[in-house]
Structures are given as structure tokens and as C-alpha cells.
Amino acid sequence: MEKDTANSKETVKKEKVKKSGEKQFRGVKIAVMAAVCVVSVLLCCTIVWLLDTWKHLSMDELVFQIQAPMAGTNKGMILEYMIKCLPLTLVMLGIMIALYFIFRKRRAIYKRILIPVTCLSVAALVGFVAYLWQRLDVTEYVNNITTYSDFVDSNYVDPENVNLTFPEKKRNLIYIYLESMETTYSDVEDGGGFTYNCIEELTEIARKNEDFSGDTEALNGGRVLPYCSWTTAGIFSQTTGLPLKTRIDSEWISNQEHFFPEVTALGDLLETEGYKQIYMLGSKAVFGGREMYFKDHGNYEIKDYDYFVENGDIPEDYYVWWGFEDEYLFKFAKEELTRLAGEDEPFNLTLLTVDTHFEDGYVCGLCDDEYGQNQYANVISCSSRQVAEFVEWIQQQDFYENTTIIISGDHTTMDSDFCDNVSDSYVRKTYTAYINAAAEPADPNWRRDFMTLDNFPTTLAALGVEIEGDRLGLGTNLFSDTPTLIEEYGVEYVSQEISKESRMMEDFAKNIDISAAEEAAAG
């Protein structure tokens with residue numbers, strides 16, 4: 001009898017445990033389905049925000065930006081993401097919580113409601129992902145990164161294997177990267193894509209100096225090829241003659257000690273020749289790996305937002321846009337140039353502007369409203385005036401006689417709608433101007449078809465450097481009569497081939513020192 005009673009109690013206990021386990025399992029299933037609904041809404045909103053913010057986003061850029069360190073990102077962009085994506089996500093979360101409490105004692109009803117909602121959420125997410133896949137042409141991207149081409153390998157000219165003859169008296173270099181600056185912003189008559197010209201001063205600078213437009217009056221600029229279309233890639237391509245192709249993961253990019261150490265860049269060559277090199281910008285240089293690149297290739301002194309705050313030039317609590325506006329950048333650059341001019345060694349002052357960054361740019365105290373509600377046009381016009389004033393100031397200084405100025409857009413704009421009315425047949429190019437160069441085009445009537453990668457050897461030629469063969473990296477000296485790769489093969493073919501995998505670029509990436517990343521992971 002006692003044994004039967006014990007068995008009965010044990011059976012009841014097991015039943016309770018079983019029911020408790022089943023109840024917990026049902027609770028977990030409900031929680032998982034609710035979480036899937038909320039996360040699906042967040043991801044759908046993220047995709048909409050992503051494609052709305054970057055209408056011309058490419059898969060290669062997206063992959064790099066996901067991998068790159070996020071430190072230094074514009075706070076406004078983060079806030080915009082939260083404003084666009086969090087409200088609907090929180091609404092869905094609130095609905096899930098409300099339904100749970102309403103039907104907490106009738107879980108069967110809650111489950112019958114939750115299952116179709118979950119299915120709809122997942123279906124919506126699948127649809128949005130499919131649309132993103134199609135917009136970014138992920139299939140082509142995957143095909144390219146799984147297909148090898150020897151185009152880059154066979155056409156790459158290693159500067160270490162080329163005779164470079166610098167002039168006895170080395171020229172100074174001022175290299176100005178203008179954020180998102182295109183020839184497109186000029187009017188049709190001057191080679192732009194608009195009915196108005198919001199870069200009148202820059203148009204005049206290019207016309208009076210060299211943009212390789214030959215015997216035509218229309219502005220000319222560099223074509224932006226794959227893996228050259230965002231700031232870090234634009235800078236890398238213009239100073240190495242190579243596209244920025246890397247598939248290393250985010251931890252490596254964030255913590256590595258070197259940035260393609262076996263690639264020879266403009267900064268490496270100038271450092272060997274005794275140049276004092278400074279990289280100056282109004283944002284945080286760490287963003288996108290820029291600080292690492294300039295330190296590793298030329299031992300540049302980095303003077304960014306953080307530097308000027310620490311130095312007391314900018315108040316600690318001052319932060320607008322990406323850091324501080326270009327008005328301050330040019331002010332600090334004038335002070336730096338005055339100091340550099342008093343030293344004996346040649347210098348390379350490299351600047352990066354920021355006011356014309358998408359979306360719509362930053363309206364500083366110097367901006368006018370000549371274009372009314374078109375904020376981006378007003379900001380671009382303001383940038384044009386500021387650059388022209390800065391160039392004019394340089395030209396009035398004693399050191400200008402032995403100084404070459406290069407102005408180049410880092411890439412074409414990513415603004416979501418500014419170029420919507422530009423004809424689809426118009427070829428968008430970066431703004432380009434070589435001022436006071438120590439070289440002249442071999443054929444002054446030849447309108448060159450070039451890419452931003454050609455800036456690498458052309459910059460050296462502008463400093464009076466004789467280049468054996470007139471090619472470095474994948475770039476061609478535009479002052480020479482040697483055809484560029486896109487003049488020789490066509491821009492579509494070159495774009496297609498550099499999008500594919502390269503054994504040489506893989507080797508460059510494999511030789512990146514990842515010891516810091518490994519230590520960070522171990523810690």
C-alpha cells in the first residue's frame with residue numbers, strides 16, 4: 001500500500017514537472033515568435049533607411065563599411081537612423097507586450113494571433129531582403145568575388161620596380177580632397193549636369209589650370225570605378241593606384257597595426273624623399289581606417305577633430321556635423337602652411353573637407369541661400385567659394401612658387417536625391433584640378449578619359465618627378481602621351497575586371513599584420 005502511494009506521488013510529481021516543462025517551452029516559443037516579429041520590423045526599417053539614405057550604395061562599399069570601425073561616425077546620421085527605425089520597432093514591441101498581457105490567461109488565443117503575425121513579418125523581411133539583394137546586385141558581387149582575373153596582377157606597376165627621378169629642388173604639395181565634389185555640379189554649358197552652376201569658382205579654377213579637358217571648355221574629371229567610391233577607398237585609390245579590395249573581417253580592420261603594408265603609396269615615396277607630411281581634417285581620422293592608412297604610408301602627422309580639441313583650438317564641447325566645419329579647417333591649414341613654409345624640408349599638406357558630405361551637407365556661417373530651399377546646392381556653392389579663397393591665399397604666399405596644389409573630389413556624391421534630375425546619359429566624374437604643376441600635357445588638345453586611380457602617378461609628375469614608363473599602380477601619368485587603362489580597354493571592361501578577385505590583392509591582404517587583433521581577441 002505504501003509502495004503504491006509512493007509510486008502515485010512520484011507519478012504526480014513527474015506529471016507536474018512535465019506540465020511545467022511544456023508550459024515553459026510554450027512560453028519560449030511565444031517569446032521567440034514575438035522577438036522574430038520585432039526584429040523583422042527593425043530589419044525592414046533598416047533596409048528602407050539604408051536604401052533611402054544611400055540611393056547609389058554599392059555592395060563593395062557596404063561590405064567595407066560594415067567591417068570598418070564605426071568610431072567617428074556622424075552623430076546626426078546615427079540619430080537619423082534611430083528616428084527612422086526605432087519608432088515602428090517600438091510600436092511592434094508594444095503591441096506584442098500588450099497582446100501578451102491581454103491574453104496572458106488565454107495563451108491559445110495569443111498563439112493563434114501570433115502565428116500569422118510572425119509569418120507576415122518573416123514574409124515581409126524576406127521581401128525586403130530580396131529587394132535589397134536586387135538593388136545591390138548581390139548576385140553579381142558574389143560572382144565577382146568568386147571569379148579570378150589576372151587584369152590587376154598583369155597591369156599593376158609596382159613603384160618599387162620603377163625609376164623615379166625627383167627634381168633636385170623638391171616641390172611642396174598641397175592635396176585637397178573635396179568631399180563628394182563632382183564636375184556634375186556645374187552647368188551643362190561648362191560640362192556639368194545642371195541648368196545652373198553652383199561651383200562657379202571651382203569651374204574657373206579648373207579652366208585656368210589643368211583638368212585634362214584638352215581643347216574643350218567642358219570640365220573634365222576622374223571616373224570612379226568599383227572599390228573606389230567612398231572616402232577611404234577614394235583616398236587609397238588616388239594615392240596607390242589600386243582599388244580598395246579587402247575581405248578581412250571587422251576585428252582585423254578595427255585592431256590591425258598596418259594598412260596594406262606591402263603596397264607602396266604616394267606617402268611612402270614622399271617620406272623617402274624627406275617630405276614633412278600632415279593629414280588635416282575636421283572629422284575623426286580613425287573613421288574608416290584613414291588614420292591607420294596615413295600613419296602607415298608616409299608617417300603623416302594626423303591633425304583631426306580630436307587633435308584640435310586636445311590642442312585647445314576647438315572647445316571640448318564643440319561638435320557639429322562630423323566634428324567641425326571647413327571654415328575652421330582652412331583657417332588651421334593657413335596657420336599650418338605658414339609654419340611649414342618656415343622650415344627647410346619640403347612638405348605635403350593633405351586636407352579633407354566635410355561640409356559637402358551627404359545628406360544635404362552642413363550649412364555653416366559662410367553659406368548663402370542663393371539656391372533657396374536647395375540646401376545641398378547652397379552648401380556646395382559655399383564650399384566652392386571657400387576653396388577658391390584658400391587657393392587665392394596660397395597663391396599670394398612666397399612658398400607658392402615652388403608648390404603644387406591638387407584639388408580632387410574623393411568620390412561622387414552619395415546624396416539621395418540631389419542628382420535625380422541629371423540626365424542618365426551624363427557621365428558623373430570627380431572634380432579635378434592641378435594647379436602650378438611642374439609638367440604640361442604632352443598633347444594639350446587631348447581630352448583625357450581617366451579614372452581616379454590615375455591621380456597617383458599624375459601627382460608625382462605634377463611635382464616634377466620623371467616616371468619611367470609613365471605608369472604606377474593601375475594609374476597613368478596624364479601629363480604623358482601614354483593611354484590610361486580605360487582609354488586602352490574601355491571603362492566597362494576595366495570596371496568589370498577590377499571587380500573580380502585578384503591573387504595579388506589577396507596576397508597584399510594576407511600580409512596584413514593581425515597580431516593586434518589576435519591580442520585583442522585573446523584579451
# chains A, B, ... in the order shown; residues from 1 in each chain; ligands from 1

call {"tool": "residues_around", "arguments": {"residues": "Tyr431 of chain A", "least_positions_apart": "2", "cutoff": "12 Å", "atoms": "only C-alpha atoms", "output": "PyMOL selection string"}}
result
chain A and resi 176-186+191-192+199+202-203+205-207+210-213+218-224+384+406-413+428-429+433-434+451-452+455

call {"tool": "write_last_selection", "arguments": {"atoms": "N, CA and C atoms", "output": "short mmCIF file (atom, residue, chain, number, x, y, z; two decimals), in the first residue's frame"}}
result
data_model
loop_
_atom_site.label_atom_id
_atom_site.label_comp_id
_atom_site.auth_asym_id
_atom_site.auth_seq_id
_atom_site.Cartn_x
_atom_site.Cartn_y
_atom_site.Cartn_z
N ILE A 176 44.13 68.62 -51.78
CA ILE A 176 42.84 68.89 -51.15
C ILE A 176 41.79 67.91 -51.66
N TYR A 177 41.37 67.00 -50.79
CA TYR A 177 40.26 66.11 -51.11
C TYR A 177 38.96 66.83 -50.76
N LEU A 178 38.15 67.09 -51.77
CA LEU A 178 36.87 67.74 -51.54
C LEU A 178 35.79 66.67 -51.42
N GLU A 179 35.15 66.62 -50.27
CA GLU A 179 34.13 65.62 -50.02
C GLU A 179 33.02 65.68 -51.07
N SER A 180 32.83 64.56 -51.79
CA SER A 180 31.71 64.37 -52.73
C SER A 180 31.66 65.41 -53.85
N MET A 181 32.79 66.01 -54.21
CA MET A 181 32.76 67.08 -55.21
C MET A 181 32.84 66.50 -56.63
N GLU A 182 31.87 66.88 -57.44
CA GLU A 182 31.76 66.39 -58.81
C GLU A 182 31.78 67.52 -59.83
N THR A 183 32.17 67.18 -61.05
CA THR A 183 32.01 68.12 -62.15
C THR A 183 30.52 68.31 -62.46
N THR A 184 29.72 67.35 -62.05
CA THR A 184 28.27 67.38 -62.28
C THR A 184 27.63 68.67 -61.78
N TYR A 185 28.18 69.25 -60.73
CA TYR A 185 27.56 70.41 -60.09
C TYR A 185 27.65 71.68 -60.92
N SER A 186 28.43 71.64 -62.00
CA SER A 186 28.48 72.77 -62.92
C SER A 186 27.29 72.71 -63.87
N GLY A 191 30.10 71.77 -68.85
CA GLY A 191 30.43 70.35 -68.72
C GLY A 191 29.75 69.67 -67.55
N GLY A 192 28.84 70.38 -66.87
CA GLY A 192 28.15 69.80 -65.72
C GLY A 192 26.83 69.17 -66.13
N ILE A 199 29.21 75.64 -58.69
CA ILE A 199 30.65 75.62 -58.37
C ILE A 199 31.37 76.56 -59.34
N LEU A 202 35.15 76.99 -58.60
CA LEU A 202 35.91 75.78 -58.93
C LEU A 202 35.98 75.56 -60.44
N THR A 203 34.91 75.91 -61.13
CA THR A 203 34.89 75.81 -62.59
C THR A 203 35.98 76.70 -63.17
N ILE A 205 38.68 77.77 -61.64
CA ILE A 205 39.99 77.24 -61.27
C ILE A 205 40.42 76.14 -62.23
N ALA A 206 39.51 75.23 -62.53
CA ALA A 206 39.83 74.13 -63.44
C ALA A 206 40.14 74.65 -64.83
N ARG A 207 39.39 75.66 -65.26
CA ARG A 207 39.58 76.21 -66.60
C ARG A 207 40.93 76.91 -66.73
N GLU A 210 44.75 72.94 -64.88
CA GLU A 210 44.75 71.71 -65.67
C GLU A 210 43.76 70.68 -65.13
N ASP A 211 42.80 70.34 -65.97
CA ASP A 211 41.87 69.24 -65.65
C ASP A 211 41.84 68.22 -66.78
N PHE A 212 42.79 68.34 -67.71
CA PHE A 212 42.96 67.40 -68.81
C PHE A 212 41.74 67.33 -69.72
N SER A 213 41.12 68.52 -69.90
CA SER A 213 39.95 68.62 -70.78
C SER A 213 40.36 68.92 -72.22
N ALA A 218 34.56 72.21 -71.61
CA ALA A 218 33.80 71.45 -70.61
C ALA A 218 34.72 70.85 -69.56
N LEU A 219 34.31 70.95 -68.30
CA LEU A 219 35.10 70.38 -67.20
C LEU A 219 35.35 68.90 -67.43
N ASN A 220 36.50 68.44 -66.96
CA ASN A 220 36.82 67.02 -67.03
C ASN A 220 37.20 66.55 -65.64
N GLY A 221 36.98 65.28 -65.37
CA GLY A 221 37.30 64.74 -64.05
C GLY A 221 37.55 63.25 -64.11
N GLY A 222 37.76 62.68 -62.95
CA GLY A 222 38.08 61.25 -62.87
C GLY A 222 36.85 60.38 -62.73
N ARG A 223 36.82 59.30 -63.48
CA ARG A 223 35.75 58.32 -63.32
C ARG A 223 35.99 57.52 -62.04
N VAL A 224 34.92 57.21 -61.33
CA VAL A 224 35.02 56.46 -60.09
C VAL A 224 34.65 55.01 -60.37
N SER A 384 32.72 75.86 -52.75
CA SER A 384 33.43 76.36 -53.92
C SER A 384 34.09 77.70 -53.60
N ILE A 406 46.77 70.28 -55.71
CA ILE A 406 45.88 69.35 -56.39
C ILE A 406 44.54 69.34 -55.66
N ILE A 407 43.49 69.57 -56.42
CA ILE A 407 42.14 69.54 -55.85
C ILE A 407 41.38 68.40 -56.52
N SER A 408 40.83 67.52 -55.72
CA SER A 408 40.14 66.36 -56.27
C SER A 408 38.98 65.95 -55.38
N GLY A 409 37.85 65.65 -56.00
CA GLY A 409 36.76 65.06 -55.24
C GLY A 409 37.18 63.67 -54.78
N ASP A 410 36.83 63.30 -53.54
CA ASP A 410 37.22 61.96 -53.08
C ASP A 410 36.40 60.88 -53.78
N HIS A 411 35.17 61.22 -54.15
CA HIS A 411 34.27 60.32 -54.88
C HIS A 411 33.07 61.15 -55.30
N THR A 412 32.18 60.60 -56.08
CA THR A 412 30.95 61.30 -56.43
C THR A 412 29.99 61.22 -55.24
N THR A 413 29.01 62.10 -55.24
CA THR A 413 28.15 62.23 -54.07
C THR A 413 27.25 61.02 -53.85
N ARG A 428 29.05 60.96 -64.63
CA ARG A 428 29.45 61.69 -63.42
C ARG A 428 30.92 61.40 -63.09
N LYS A 429 31.66 62.47 -62.79
CA LYS A 429 33.09 62.35 -62.51
C LYS A 429 33.46 63.23 -61.32
N ALA A 433 41.53 69.30 -60.48
CA ALA A 433 42.30 70.47 -60.92
C ALA A 433 43.73 70.35 -60.40
N TYR A 434 44.70 70.50 -61.31
CA TYR A 434 46.12 70.54 -60.97
C TYR A 434 46.61 71.97 -61.15
N MET A 451 40.55 57.76 -64.79
CA MET A 451 39.91 57.33 -63.55
C MET A 451 40.70 57.91 -62.38
N THR A 452 40.10 57.88 -61.20
CA THR A 452 40.78 58.47 -60.04
C THR A 452 42.08 57.74 -59.71
N ASN A 455 45.37 59.44 -60.63
CA ASN A 455 45.92 60.56 -59.85
C ASN A 455 47.27 60.23 -59.23
#

call {"tool": "atom_distance", "arguments": {"atom1": "atom CA of Asn197 of chain A", "atom2": "atom CA of Phe330 of chain A"}}
result
23.2 Å

call {"tool": "closest_residue", "arguments": {"among": "A:His297, A:Thr146, A:Ala233, A:Cys44", "to": "Ala123 of chain A", "atoms": "only C-alpha atoms"}}
result
A:Cys44

call {"tool": "residues_around", "arguments": {"residues": "Asp481 of chain A", "least_positions_apart": "6", "cutoff": "12 Å", "atoms": "only C-alpha atoms", "output": "PyMOL selection string"}}
result
chain A and resi 212+440-448+469-471+487

call {"tool": "residues_around", "arguments": {"residues": "Leu281 of chain A", "least_positions_apart": "6", "cutoff": "10 Å", "atoms": "only C-alpha atoms", "output": "number ranges by chain"}}
result
A: 177, 302-308, 323-326, 328-330, 332-333, 350-354

call {"tool": "residues_around", "arguments": {"residues": "Ala341 of chain A", "least_positions_apart": "2", "cutoff": "12 Å", "atoms": "only C-alpha atoms", "output": "compact mmCIF listing (two decimals) with C-alpha atoms, in the first residue's frame"}}
result
# COMPACT_ATOMS: atom_id res chain seq x y z
CA ARG A 171 58.30 70.92 -54.78
CA ASN A 172 55.80 71.24 -51.96
CA LEU A 173 52.42 69.52 -52.31
CA LYS A 276 57.18 66.53 -43.88
CA ALA A 333 45.54 74.96 -42.79
CA LYS A 334 46.70 78.55 -43.35
CA GLU A 335 48.39 78.55 -39.95
CA GLU A 336 50.00 75.18 -40.70
CA LEU A 337 51.26 76.30 -44.10
CA THR A 338 52.76 79.43 -42.61
CA ARG A 339 54.67 77.27 -40.14
CA GLU A 343 61.10 75.01 -42.31
CA ASP A 344 63.79 73.66 -44.62
CA GLU A 345 62.20 70.37 -45.68
CA PRO A 346 59.60 70.04 -48.45
CA PHE A 347 56.07 69.42 -47.22
CA ASN A 348 52.90 67.59 -48.18
CA LEU A 349 49.78 69.01 -46.55
CA ILE A 394 48.18 80.31 -51.13
CA GLN A 397 52.40 83.44 -50.34
CA ASP A 398 56.13 83.27 -51.06
CA PHE A 399 56.17 79.46 -50.92
CA TYR A 400 53.60 79.17 -53.75
CA GLU A 401 56.23 79.45 -56.49
CA ASN A 402 57.57 76.02 -55.54
CA THR A 403 54.24 74.47 -54.55

call {"tool": "select_by_dssp", "arguments": {"residues": "segment 298-421 of chain A", "states": "strand (DSSP E)", "output": "MDAnalysis selection string"}}
result
chainID A and resid 301:303 347:352 403:409

call {"tool": "write_last_selection", "arguments": {"atoms": "C-alpha atoms", "output": "short mmCIF file (atom, residue, chain, number, x, y, z; two decimals), in the first residue's frame"}}
result
data_model
loop_
_atom_site.label_atom_id
_atom_site.label_comp_id
_atom_site.auth_asym_id
_atom_site.auth_seq_id
_atom_site.Cartn_x
_atom_site.Cartn_y
_atom_site.Cartn_z
CA GLU A 301 51.17 63.70 -38.60
CA ILE A 302 47.43 63.44 -38.04
CA LYS A 303 45.60 66.65 -37.19
CA PHE A 347 56.07 69.42 -47.22
CA ASN A 348 52.90 67.59 -48.18
CA LEU A 349 49.78 69.01 -46.55
CA THR A 350 46.78 66.82 -47.32
CA LEU A 351 43.31 68.12 -46.45
CA LEU A 352 39.88 66.52 -46.42
CA THR A 403 54.24 74.47 -54.55
CA THR A 404 51.77 72.34 -56.50
CA ILE A 405 48.11 72.27 -55.49
CA ILE A 406 45.88 69.35 -56.39
CA ILE A 407 42.14 69.54 -55.85
CA SER A 408 40.14 66.36 -56.27
CA GLY A 409 36.76 65.06 -55.24
#

call {"tool": "select_by_dssp", "arguments": {"residues": "segment 199-346 of chain A", "states": "helix (DSSP H, G or I)", "output": "PyMOL selection string"}}
result
chain A and resi 200-208+231-240+250-255+266-272+287-296+305-310+326-341

call {"tool": "closest_residue", "arguments": {"among": "A:Tyr493, A:Trp393, A:Trp321, A:Tyr131", "to": "Pro226 of chain A", "atoms": "only C-alpha atoms"}}
result
A:Tyr493

call {"tool": "atom_distance", "arguments": {"atom1": "atom CA of Cys119 of chain A", "atom2": "atom CA of Trp49 of chain A"}}
result
22.8 Å

call {"tool": "closest_residue", "arguments": {"among": "A:Ile78, A:Ile498, A:Met280, A:Ala438", "to": "Phe166 of chain A", "atoms": "only C-alpha atoms"}}
result
A:Ala438

call {"tool": "residues_around", "arguments": {"residues": "Thr232 of chain A", "least_positions_apart": "6", "cutoff": "8 Å", "atoms": "only C-alpha atoms", "output": "PyMOL selection string"}}
result
chain A and resi 288-290

call {"tool": "residues_around", "arguments": {"residues": "segment 86-98 of chain A", "least_positions_apart": "5", "cutoff": "9 Å", "atoms": "only C-alpha atoms", "output": "number ranges by chain"}}
result
A: 34-35, 37-42, 45, 81, 103, 114

call {"tool": "write_last_selection", "arguments": {"atoms": "N, CA, C and O atoms", "output": "PDB file, in the first residue's frame"}}
result
ATOM      1  N   ALA A  34       7.500  36.368 -30.865  1.00  0.00           N
ATOM      2  CA  ALA A  34       7.365  37.806 -30.637  1.00  0.00           C
ATOM      3  C   ALA A  34       8.659  38.526 -31.002  1.00  0.00           C
ATOM      4  O   ALA A  34       8.646  39.599 -31.623  1.00  0.00           O
ATOM      5  N   ALA A  35       9.791  37.926 -30.610  1.00  0.00           N
ATOM      6  CA  ALA A  35      11.093  38.524 -30.919  1.00  0.00           C
ATOM      7  C   ALA A  35      11.326  38.567 -32.423  1.00  0.00           C
ATOM      8  O   ALA A  35      11.848  39.549 -32.959  1.00  0.00           O
ATOM      9  N   CYS A  37       9.055  38.848 -34.718  1.00  0.00           N
ATOM     10  CA  CYS A  37       8.221  39.931 -35.248  1.00  0.00           C
ATOM     11  C   CYS A  37       8.913  41.284 -35.070  1.00  0.00           C
ATOM     12  O   CYS A  37       8.984  42.087 -36.001  1.00  0.00           O
ATOM     13  N   VAL A  38       9.422  41.521 -33.867  1.00  0.00           N
ATOM     14  CA  VAL A  38      10.067  42.804 -33.567  1.00  0.00           C
ATOM     15  C   VAL A  38      11.341  42.984 -34.394  1.00  0.00           C
ATOM     16  O   VAL A  38      11.572  44.041 -34.996  1.00  0.00           O
ATOM     17  N   VAL A  39      12.181  41.955 -34.432  1.00  0.00           N
ATOM     18  CA  VAL A  39      13.443  42.038 -35.182  1.00  0.00           C
ATOM     19  C   VAL A  39      13.171  42.196 -36.673  1.00  0.00           C
ATOM     20  O   VAL A  39      13.881  42.931 -37.371  1.00  0.00           O
ATOM     21  N   SER A  40      12.155  41.525 -37.190  1.00  0.00           N
ATOM     22  CA  SER A  40      11.807  41.643 -38.611  1.00  0.00           C
ATOM     23  C   SER A  40      11.434  43.078 -38.957  1.00  0.00           C
ATOM     24  O   SER A  40      11.854  43.612 -39.995  1.00  0.00           O
ATOM     25  N   VAL A  41      10.653  43.707 -38.096  1.00  0.00           N
ATOM     26  CA  VAL A  41      10.277  45.105 -38.327  1.00  0.00           C
ATOM     27  C   VAL A  41      11.521  45.997 -38.303  1.00  0.00           C
ATOM     28  O   VAL A  41      11.685  46.880 -39.156  1.00  0.00           O
ATOM     29  N   LEU A  42      12.411  45.773 -37.335  1.00  0.00           N
ATOM     30  CA  LEU A  42      13.641  46.571 -37.248  1.00  0.00           C
ATOM     31  C   LEU A  42      14.492  46.415 -38.509  1.00  0.00           C
ATOM     32  O   LEU A  42      14.994  47.399 -39.058  1.00  0.00           O
ATOM     33  N   CYS A  45      12.857  48.159 -41.523  1.00  0.00           N
ATOM     34  CA  CYS A  45      13.067  49.608 -41.411  1.00  0.00           C
ATOM     35  C   CYS A  45      14.512  49.983 -41.738  1.00  0.00           C
ATOM     36  O   CYS A  45      14.771  51.002 -42.377  1.00  0.00           O
ATOM     37  N   TYR A  81      19.052  57.492 -38.071  1.00  0.00           N
ATOM     38  CA  TYR A  81      18.712  56.070 -38.118  1.00  0.00           C
ATOM     39  C   TYR A  81      17.734  55.721 -36.999  1.00  0.00           C
ATOM     40  O   TYR A  81      16.741  55.020 -37.223  1.00  0.00           O
ATOM     41  N   PHE A 103      -3.982  38.605 -23.284  1.00  0.00           N
ATOM     42  CA  PHE A 103      -4.317  37.176 -23.427  1.00  0.00           C
ATOM     43  C   PHE A 103      -3.407  36.275 -22.599  1.00  0.00           C
ATOM     44  O   PHE A 103      -3.228  35.109 -22.935  1.00  0.00           O
ATOM     45  N   LEU A 114      -0.519  35.266 -32.831  1.00  0.00           N
ATOM     46  CA  LEU A 114       0.923  35.461 -33.022  1.00  0.00           C
ATOM     47  C   LEU A 114       1.471  34.717 -34.237  1.00  0.00           C
ATOM     48  O   LEU A 114       2.342  35.233 -34.943  1.00  0.00           O
TER      49      LEU A 114
END

call {"tool": "decode", "arguments": {"residues": "segment 454-471 of chain A", "atoms": "N, CA, C and O atoms", "output": "PDB file, in the first residue's frame"}}
result
ATOM      1  N   ASP A 454      44.349  57.173 -61.700  1.00  0.00           N
ATOM      2  CA  ASP A 454      45.410  57.830 -62.466  1.00  0.00           C
ATOM      3  C   ASP A 454      46.022  59.009 -61.711  1.00  0.00           C
ATOM      4  O   ASP A 454      47.075  59.522 -62.105  1.00  0.00           O
ATOM      5  N   ASN A 455      45.371  59.442 -60.626  1.00  0.00           N
ATOM      6  CA  ASN A 455      45.917  60.558 -59.851  1.00  0.00           C
ATOM      7  C   ASN A 455      47.265  60.230 -59.227  1.00  0.00           C
ATOM      8  O   ASN A 455      48.093  61.124 -59.010  1.00  0.00           O
ATOM      9  N   PHE A 456      47.516  58.961 -58.944  1.00  0.00           N
ATOM     10  CA  PHE A 456      48.754  58.568 -58.254  1.00  0.00           C
ATOM     11  C   PHE A 456      49.999  58.986 -59.049  1.00  0.00           C
ATOM     12  O   PHE A 456      50.786  59.821 -58.587  1.00  0.00           O
ATOM     13  N   PRO A 457      50.207  58.465 -60.258  1.00  0.00           N
ATOM     14  CA  PRO A 457      51.396  58.894 -60.994  1.00  0.00           C
ATOM     15  C   PRO A 457      51.314  60.344 -61.461  1.00  0.00           C
ATOM     16  O   PRO A 457      52.343  61.034 -61.564  1.00  0.00           O
ATOM     17  N   THR A 458      50.090  60.840 -61.714  1.00  0.00           N
ATOM     18  CA  THR A 458      49.936  62.209 -62.199  1.00  0.00           C
ATOM     19  C   THR A 458      50.356  63.214 -61.129  1.00  0.00           C
ATOM     20  O   THR A 458      50.930  64.262 -61.438  1.00  0.00           O
ATOM     21  N   THR A 459      50.077  62.888 -59.867  1.00  0.00           N
ATOM     22  CA  THR A 459      50.502  63.758 -58.766  1.00  0.00           C
ATOM     23  C   THR A 459      52.023  63.869 -58.724  1.00  0.00           C
ATOM     24  O   THR A 459      52.573  64.972 -58.580  1.00  0.00           O
ATOM     25  N   LEU A 460      52.704  62.752 -58.853  1.00  0.00           N
ATOM     26  CA  LEU A 460      54.167  62.782 -58.851  1.00  0.00           C
ATOM     27  C   LEU A 460      54.696  63.570 -60.043  1.00  0.00           C
ATOM     28  O   LEU A 460      55.638  64.364 -59.906  1.00  0.00           O
ATOM     29  N   ALA A 461      54.094  63.369 -61.209  1.00  0.00           N
ATOM     30  CA  ALA A 461      54.519  64.131 -62.390  1.00  0.00           C
ATOM     31  C   ALA A 461      54.309  65.624 -62.176  1.00  0.00           C
ATOM     32  O   ALA A 461      55.130  66.448 -62.608  1.00  0.00           O
ATOM     33  N   ALA A 462      53.217  65.981 -61.502  1.00  0.00           N
ATOM     34  CA  ALA A 462      52.946  67.394 -61.220  1.00  0.00           C
ATOM     35  C   ALA A 462      53.989  67.995 -60.288  1.00  0.00           C
ATOM     36  O   ALA A 462      54.182  69.217 -60.262  1.00  0.00           O
ATOM     37  N   LEU A 463      54.670  67.145 -59.524  1.00  0.00           N
ATOM     38  CA  LEU A 463      55.754  67.601 -58.640  1.00  0.00           C
ATOM     39  C   LEU A 463      57.104  67.613 -59.370  1.00  0.00           C
ATOM     40  O   LEU A 463      58.140  67.858 -58.753  1.00  0.00           O
ATOM     41  N   GLY A 464      57.073  67.325 -60.655  1.00  0.00           N
ATOM     42  CA  GLY A 464      58.310  67.350 -61.424  1.00  0.00           C
ATOM     43  C   GLY A 464      59.067  66.041 -61.430  1.00  0.00           C
ATOM     44  O   GLY A 464      60.231  65.989 -61.841  1.00  0.00           O
ATOM     45  N   VAL A 465      58.420  64.956 -60.994  1.00  0.00           N
ATOM     46  CA  VAL A 465      59.071  63.647 -60.943  1.00  0.00           C
ATOM     47  C   VAL A 465      59.001  62.980 -62.320  1.00  0.00           C
ATOM     48  O   VAL A 465      57.938  62.938 -62.937  1.00  0.00           O
ATOM     49  N   GLU A 466      60.132  62.480 -62.780  1.00  0.00           N
ATOM     50  CA  GLU A 466      60.158  61.721 -64.027  1.00  0.00           C
ATOM     51  C   GLU A 466      59.867  60.254 -63.706  1.00  0.00           C
ATOM     52  O   GLU A 466      60.532  59.657 -62.861  1.00  0.00           O
ATOM     53  N   ILE A 467      58.880  59.703 -64.390  1.00  0.00           N
ATOM     54  CA  ILE A 467      58.412  58.346 -64.095  1.00  0.00           C
ATOM     55  C   ILE A 467      58.735  57.432 -65.275  1.00  0.00           C
ATOM     56  O   ILE A 467      58.214  57.626 -66.373  1.00  0.00           O
ATOM     57  N   GLU A 468      59.538  56.466 -65.033  1.00  0.00           N
ATOM     58  CA  GLU A 468      59.883  55.503 -66.072  1.00  0.00           C
ATOM     59  C   GLU A 468      58.621  54.750 -66.514  1.00  0.00           C
ATOM     60  O   GLU A 468      57.957  54.099 -65.708  1.00  0.00           O
ATOM     61  N   GLY A 469      58.277  54.869 -67.786  1.00  0.00           N
ATOM     62  CA  GLY A 469      57.108  54.178 -68.311  1.00  0.00           C
ATOM     63  C   GLY A 469      55.796  54.904 -68.091  1.00  0.00           C
ATOM     64  O   GLY A 469      54.758  54.513 -68.631  1.00  0.00           O
ATOM     65  N   ASP A 470      55.781  55.952 -67.255  1.00  0.00           N
ATOM     66  CA  ASP A 470      54.598  56.795 -67.007  1.00  0.00           C
ATOM     67  C   ASP A 470      53.408  56.060 -66.408  1.00  0.00           C
ATOM     68  O   ASP A 470      52.266  56.505 -66.530  1.00  0.00           O
ATOM     69  N   ARG A 471      53.659  54.903 -65.774  1.00  0.00           N
ATOM     70  CA  ARG A 471      52.579  54.213 -65.084  1.00  0.00           C
ATOM     71  C   ARG A 471      53.023  53.776 -63.699  1.00  0.00           C
ATOM     72  O   ARG A 471      54.154  53.324 -63.522  1.00  0.00           O
TER      73      ARG A 471
END
